[in-house]
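Only one structure is covered here, and it is reproduced in the block below.
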Amino acid sequence: MVEKMMRTLVIIGSQWGDEGKGKITDYYADQVKYVVRFQGGNNAGHTIVVDGERFAFHLIPSGVVRGKTVIIGNGVVVDPAVLLEEIRQLDERGIKVNLKISSKAHVIMPYHVAQDGLQDAMKGKYAAGTTKRGIGPAYSDKAARDGIRMMDLIQPKILKEKLEFIIPIKQKMLEIYQSDQVLDSGGIIKQYTAYGKALEPYIDDIEYLLNDAITRGSKVLFEGAQGALLGIDHGLYPHGTSSNCCGQAASTGTGVPMNKIDYVMGVVKAYTSRVGSGPVPTELTGKTGEKIREQGNEYGTTTGRPRRVGWLDLVALKYTTMINGFDGFALTLLDVLEGIDPIKICTAYKHGNDIIDRWIADTNFLKDCDPVYKDMKGWSPRSPQEWNEIANKGFDSLPGPMKEYINVIEEFIGVPIVLVSIGPNRNDTVIRKDIFNL
Ligand code: GDP
Ligand code: IMO
Ligand code: MG
């Protein structure tokens, strides 16, 4: 058998975000040279814990803690103030930031942030409950070809020319939204010129850098943000985000072609969580939901909002597996379900008299779907140290009912679960299959 040489790994949230992508990225970052964000912006909040020390990233790829070269691709929307603050904080913690930013990445401007909050507030039942970070308006301007790119930030004359045209239009837009906020054109131009100066050393043609690196045999890890059910094309429109959150976006968001993508890994948490609005068929609103929220500390990394929680939805997972073509899964947060018995898994929906095995990205349809559940036996609580000891011993040491839970998911989805996570720390991790030596 010919050994497959793996050069690139894409990590994707397979649900509604917050599946533990940061932890999994940090785990595999050890084995690569570059770690790359390719979509989304600082709506993301990726947490990693190393020897008890916690890091939360919004824009900088999680590989930075491992000292890897980190890259922000053209598909990302960048708030320069947030990025510079993240660099400053890492510097303060003694972590060197080896960063490259695509010259084609779009910039989140103050009017985007203002517009985001105003727009979502007016939408009533169609609101997404956004993170109010200006993500949607920045991607709208990109599509309308009114965006400011990183390359504009470092060309003061062009930046001024563009903003003198755009800002008066944005001012009128804010007035339509009945805001009395006044955009200080001169101040914005000055501020963003200064950001350009500060970020200039990082700006590069990352498509050349990455393609050359892969051709030379370097390994690259692509870190997805959000989750497949939030994606603009295949997610629950209009309650999701404004970028594509699927594996294919790793290609468009960096300029690395599809035939250089070797492995797409879905990250799935052992239950469901959701920040923001829109129907979640398996949502738990009672005591069990509260217990999962508390045990999983399910509060947003970015906004601090309590996350809605529910049982694992295999209908949705099978759908995102189809869209992304996941080669394997990392199953996370299994320890959080300790002490809950039975644990339910949704295997189909009931819609009127019909049993449905498809996830249909239509709000009105989904809100009338009732989950059909399979009951699974739970496992008893352990201390974080005990979970860590189990992780060190390996897969066979996991509680029997947990192994059964893993096997049922794997069988239903038809894709191997190659990694199991039973705690937030880097080493609370069990490898079932070493994907870098396929
Ligand atoms: P991301 O957005 O997908 O990177 O996920 P977040 O960082 O927003 O949320 C995941 C949360 O779960 C973080 O607080 C992680 O530290 C934590 N976490 C990750 N994996 C595990 C796990 O297996 N068990 C527990 N208890 N926590 C985990
Ligand atoms: P990570 O990368 C969970 C949700 C918001 C809202 C919708 C649109 O940490 O998994 P936006 O600000 O993007 O316009 O909001 O998407 N959302 C997330 N939910 N995790 C995220 O990122 C999210 N990023 C956006 O709550 O419903
Ligand atoms: Mg998150």
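Just so we're on the same page: first chain in the structure tokens is A, next is B, and so on; residues restart at 1 for each chain, and ligands are numbered from 1 in the order they show up.
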Report task. Output as a ChimeraX atom specification all residues of region 242-390 of chain A that backbone DSSP marks as helix (DSSP H, G or I). Result -> /A:249-252,258-260,287-295,314-324,334-337,363-366,384-390
Would you mind exporting the chosen residues as a CSV table (one decimal), in the first residue's frame, restricted to N, CA and C atoms?
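Resulting contents of selection-v1.csv:
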```csv
chain,number,residue,atom,x,y,z
A,249,ALA,N,-13.8,26.6,2.0
A,249,ALA,CA,-13.4,28.0,2.2
A,249,ALA,C,-11.9,28.2,2.5
A,250,ALA,N,-11.3,27.1,3.0
A,250,ALA,CA,-9.9,27.1,3.2
A,250,ALA,C,-9.1,27.4,1.9
A,251,SER,N,-9.7,27.0,0.8
A,251,SER,CA,-9.1,27.2,-0.5
A,251,SER,C,-9.3,28.6,-1.0
A,252,THR,N,-10.6,29.0,-1.0
A,252,THR,CA,-10.9,30.4,-1.5
A,252,THR,C,-10.3,31.5,-0.6
A,258,MET,N,-7.8,23.4,-4.2
A,258,MET,CA,-8.4,22.2,-3.5
A,258,MET,C,-7.6,21.0,-3.6
A,259,ASN,N,-6.8,20.8,-4.7
A,259,ASN,CA,-6.0,19.6,-4.8
A,259,ASN,C,-4.8,19.6,-3.9
A,260,LYS,N,-4.6,20.7,-3.2
A,260,LYS,CA,-3.5,20.6,-2.2
A,260,LYS,C,-4.1,20.4,-0.8
A,287,LYS,N,-33.9,21.8,33.3
A,287,LYS,CA,-32.8,21.5,34.2
A,287,LYS,C,-31.6,20.8,33.6
A,288,THR,N,-31.8,19.9,32.7
A,288,THR,CA,-30.7,19.1,32.1
A,288,THR,C,-29.9,20.1,31.3
A,289,GLY,N,-30.5,21.0,30.6
A,289,GLY,CA,-29.8,22.0,29.8
A,289,GLY,C,-29.0,22.9,30.7
A,290,GLU,N,-29.6,23.3,31.8
A,290,GLU,CA,-28.8,24.1,32.8
A,290,GLU,C,-27.6,23.4,33.3
A,291,LYS,N,-27.7,22.1,33.6
A,291,LYS,CA,-26.6,21.3,34.1
A,291,LYS,C,-25.5,21.2,33.0
A,292,ILE,N,-25.9,21.0,31.8
A,292,ILE,CA,-24.8,20.9,30.7
A,292,ILE,C,-24.2,22.3,30.6
A,293,ARG,N,-25.0,23.4,30.6
A,293,ARG,CA,-24.4,24.7,30.5
A,293,ARG,C,-23.4,25.0,31.6
A,294,GLU,N,-23.7,24.6,32.8
A,294,GLU,CA,-22.8,24.9,33.9
A,294,GLU,C,-21.6,24.0,33.9
A,295,GLN,N,-21.8,22.7,33.6
A,295,GLN,CA,-20.7,21.7,33.6
A,295,GLN,C,-19.7,22.0,32.4
A,314,LEU,N,-27.6,14.2,15.3
A,314,LEU,CA,-26.9,13.5,14.2
A,314,LEU,C,-27.4,13.7,12.8
A,315,VAL,N,-28.7,14.2,12.7
A,315,VAL,CA,-29.2,14.6,11.4
A,315,VAL,C,-28.4,15.8,10.9
A,316,ALA,N,-28.2,16.8,11.7
A,316,ALA,CA,-27.4,18.0,11.3
A,316,ALA,C,-25.9,17.6,11.1
A,317,LEU,N,-25.4,16.7,11.9
A,317,LEU,CA,-24.0,16.3,11.7
A,317,LEU,C,-23.8,15.5,10.4
A,318,LYS,N,-24.8,14.7,10.1
A,318,LYS,CA,-24.6,13.9,8.8
A,318,LYS,C,-24.7,14.9,7.6
A,319,TYR,N,-25.5,15.9,7.7
A,319,TYR,CA,-25.6,17.0,6.7
A,319,TYR,C,-24.2,17.7,6.5
A,320,THR,N,-23.7,18.2,7.7
A,320,THR,CA,-22.4,18.9,7.6
A,320,THR,C,-21.3,18.0,7.1
A,321,THR,N,-21.4,16.7,7.4
A,321,THR,CA,-20.4,15.8,7.0
A,321,THR,C,-20.4,15.7,5.4
A,322,MET,N,-21.7,15.6,4.9
A,322,MET,CA,-21.8,15.6,3.5
A,322,MET,C,-21.3,16.8,2.8
A,323,ILE,N,-21.6,18.0,3.3
A,323,ILE,CA,-21.2,19.3,2.7
A,323,ILE,C,-19.7,19.4,2.7
A,324,ASN,N,-19.1,19.0,3.8
A,324,ASN,CA,-17.6,19.2,4.0
A,324,ASN,C,-16.8,18.1,3.5
A,334,LEU,N,-16.6,15.6,25.9
A,334,LEU,CA,-17.3,14.4,26.4
A,334,LEU,C,-17.4,14.4,27.9
A,335,ASP,N,-16.4,14.8,28.6
A,335,ASP,CA,-16.4,14.9,30.1
A,335,ASP,C,-17.6,15.7,30.6
A,336,VAL,N,-18.0,16.7,29.8
A,336,VAL,CA,-19.1,17.6,30.3
A,336,VAL,C,-20.4,16.8,30.5
A,337,LEU,N,-20.6,15.7,29.8
A,337,LEU,CA,-21.9,15.0,30.0
A,337,LEU,C,-21.9,14.1,31.2
A,363,THR,N,-35.6,28.0,8.2
A,363,THR,CA,-36.0,28.3,9.6
A,363,THR,C,-37.4,27.8,9.8
A,364,ASN,N,-38.4,28.1,8.9
A,364,ASN,CA,-39.8,27.7,9.2
A,364,ASN,C,-40.0,26.2,9.2
A,365,PHE,N,-39.3,25.5,8.4
A,365,PHE,CA,-39.4,24.0,8.4
A,365,PHE,C,-38.8,23.5,9.7
A,366,LEU,N,-37.6,24.0,10.1
A,366,LEU,CA,-36.9,23.4,11.2
A,366,LEU,C,-37.6,23.7,12.5
A,384,PRO,N,-11.2,16.6,37.3
A,384,PRO,CA,-10.4,16.9,36.2
A,384,PRO,C,-9.1,16.1,36.1
A,385,GLN,N,-8.5,15.9,37.3
A,385,GLN,CA,-7.3,15.0,37.4
A,385,GLN,C,-7.6,13.6,36.9
A,386,GLU,N,-8.7,13.1,37.3
A,386,GLU,CA,-9.1,11.7,36.9
A,386,GLU,C,-9.3,11.6,35.4
A,387,TRP,N,-9.9,12.6,34.8
A,387,TRP,CA,-10.1,12.6,33.4
A,387,TRP,C,-8.7,12.7,32.7
A,388,ASN,N,-7.8,13.5,33.3
A,388,ASN,CA,-6.5,13.6,32.7
A,388,ASN,C,-5.7,12.3,32.8
A,389,GLU,N,-5.9,11.6,33.9
A,389,GLU,CA,-5.2,10.3,34.0
A,389,GLU,C,-5.8,9.3,33.0
A,390,ILE,N,-7.1,9.3,32.8
A,390,ILE,CA,-7.7,8.5,31.8
A,390,ILE,C,-7.1,8.8,30.4
```
**Report entry** Distance query region 6-19 of chain A at most 8 Å, only C-alpha atoms, self and fewer than 6 positions along chain excluded, as number ranges by chain
**Finding:** A: 25, 45-46, 214, 217-230, 245-247, 250, 260-269, 272-275, 316-317, 320-321, 332, 436-438
**Report entry** Within 9 Å of ligand 2 (only C-alpha atoms and all ligand atoms), residues as a PyMOL selection string
**Finding:** chain A and resi 13+15-22+40-47+57-58+116+120+127-137+224-227+230-231+238-243+273-278+300-303+305+307
Query raised in the report: Would you give me, as JSON, numbers by chain, the residues in region 125-363 of chain A that DSSP reads as strand (DSSP E or B)?
Result: {"A": [149, 203, 204, 220, 221, 222, 223, 263, 264, 265, 266, 267, 268, 269, 272, 273, 274, 283, 299, 306, 308, 309, 310, 312, 313, 328, 329, 330, 331, 332, 343, 344, 345, 346, 347, 348, 349, 350, 351, 354, 355, 356]}
Query - Residues within 12 Å of Lys190 (chain A), only C-alpha atoms, excluding chain neighbours under 6 positions, as a ChimeraX atom specification - result: /A:153,156-157,159-160,163-164,184,196-197
Query raised in the report: Between A:Glu283, A:Asp152, A:Asp327, A:Asp357, which has the minimum distance to Val309 (chain A) (counting only C-alpha atoms)?
Result: A:Glu283
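Pairwise distance (CA of Ala361 (chain A), CA of His234 (chain A)) equals 7.0 Å.
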Report summary line: With distances taken over only C-alpha atoms and all ligand atoms, the candidate from A:Glu298, A:Asp354, A:Asp341, A:Glu410 nearest ligand 3 is A:Glu298
Query raised in the report: Which is closer to ligand 3 than all the others in A:Val36, A:Ala56, A:Ile431, A:Ile356, using only C-alpha atoms and all ligand atoms?
Result: A:Ala56
**Report entry** Near-Leu209 (chain A) list (10 Å; only C-alpha atoms; drop same-chain fewer than 5 positions) as a list in words
**Finding:** Ile71, Lys100, Asp204, Ile214 and Val256 of chain A
Write the residues of the preceding selection, restricted to C-alpha atoms, as a PDB file, in the first residue's frame.
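The result, written out as result-v2.pdb:
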```
ATOM      1  CA  ILE A  71      -1.287  33.538   8.760  1.00  0.00           C
ATOM      2  CA  LYS A 100       1.643  37.271   7.975  1.00  0.00           C
ATOM      3  CA  ASP A 204       2.337  39.787   2.472  1.00  0.00           C
ATOM      4  CA  ILE A 214       3.401  23.224   0.468  1.00  0.00           C
ATOM      5  CA  VAL A 256      -4.314  27.257  -1.840  1.00  0.00           C
TER       6      VAL A 256
END
```
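Among A:Gly325, A:Leu199, A:Glu53, A:Ser179, the residue with the shortest atom-to-atom distance to Asp79 (chain A), counting only C-alpha atoms, is A:Leu199.
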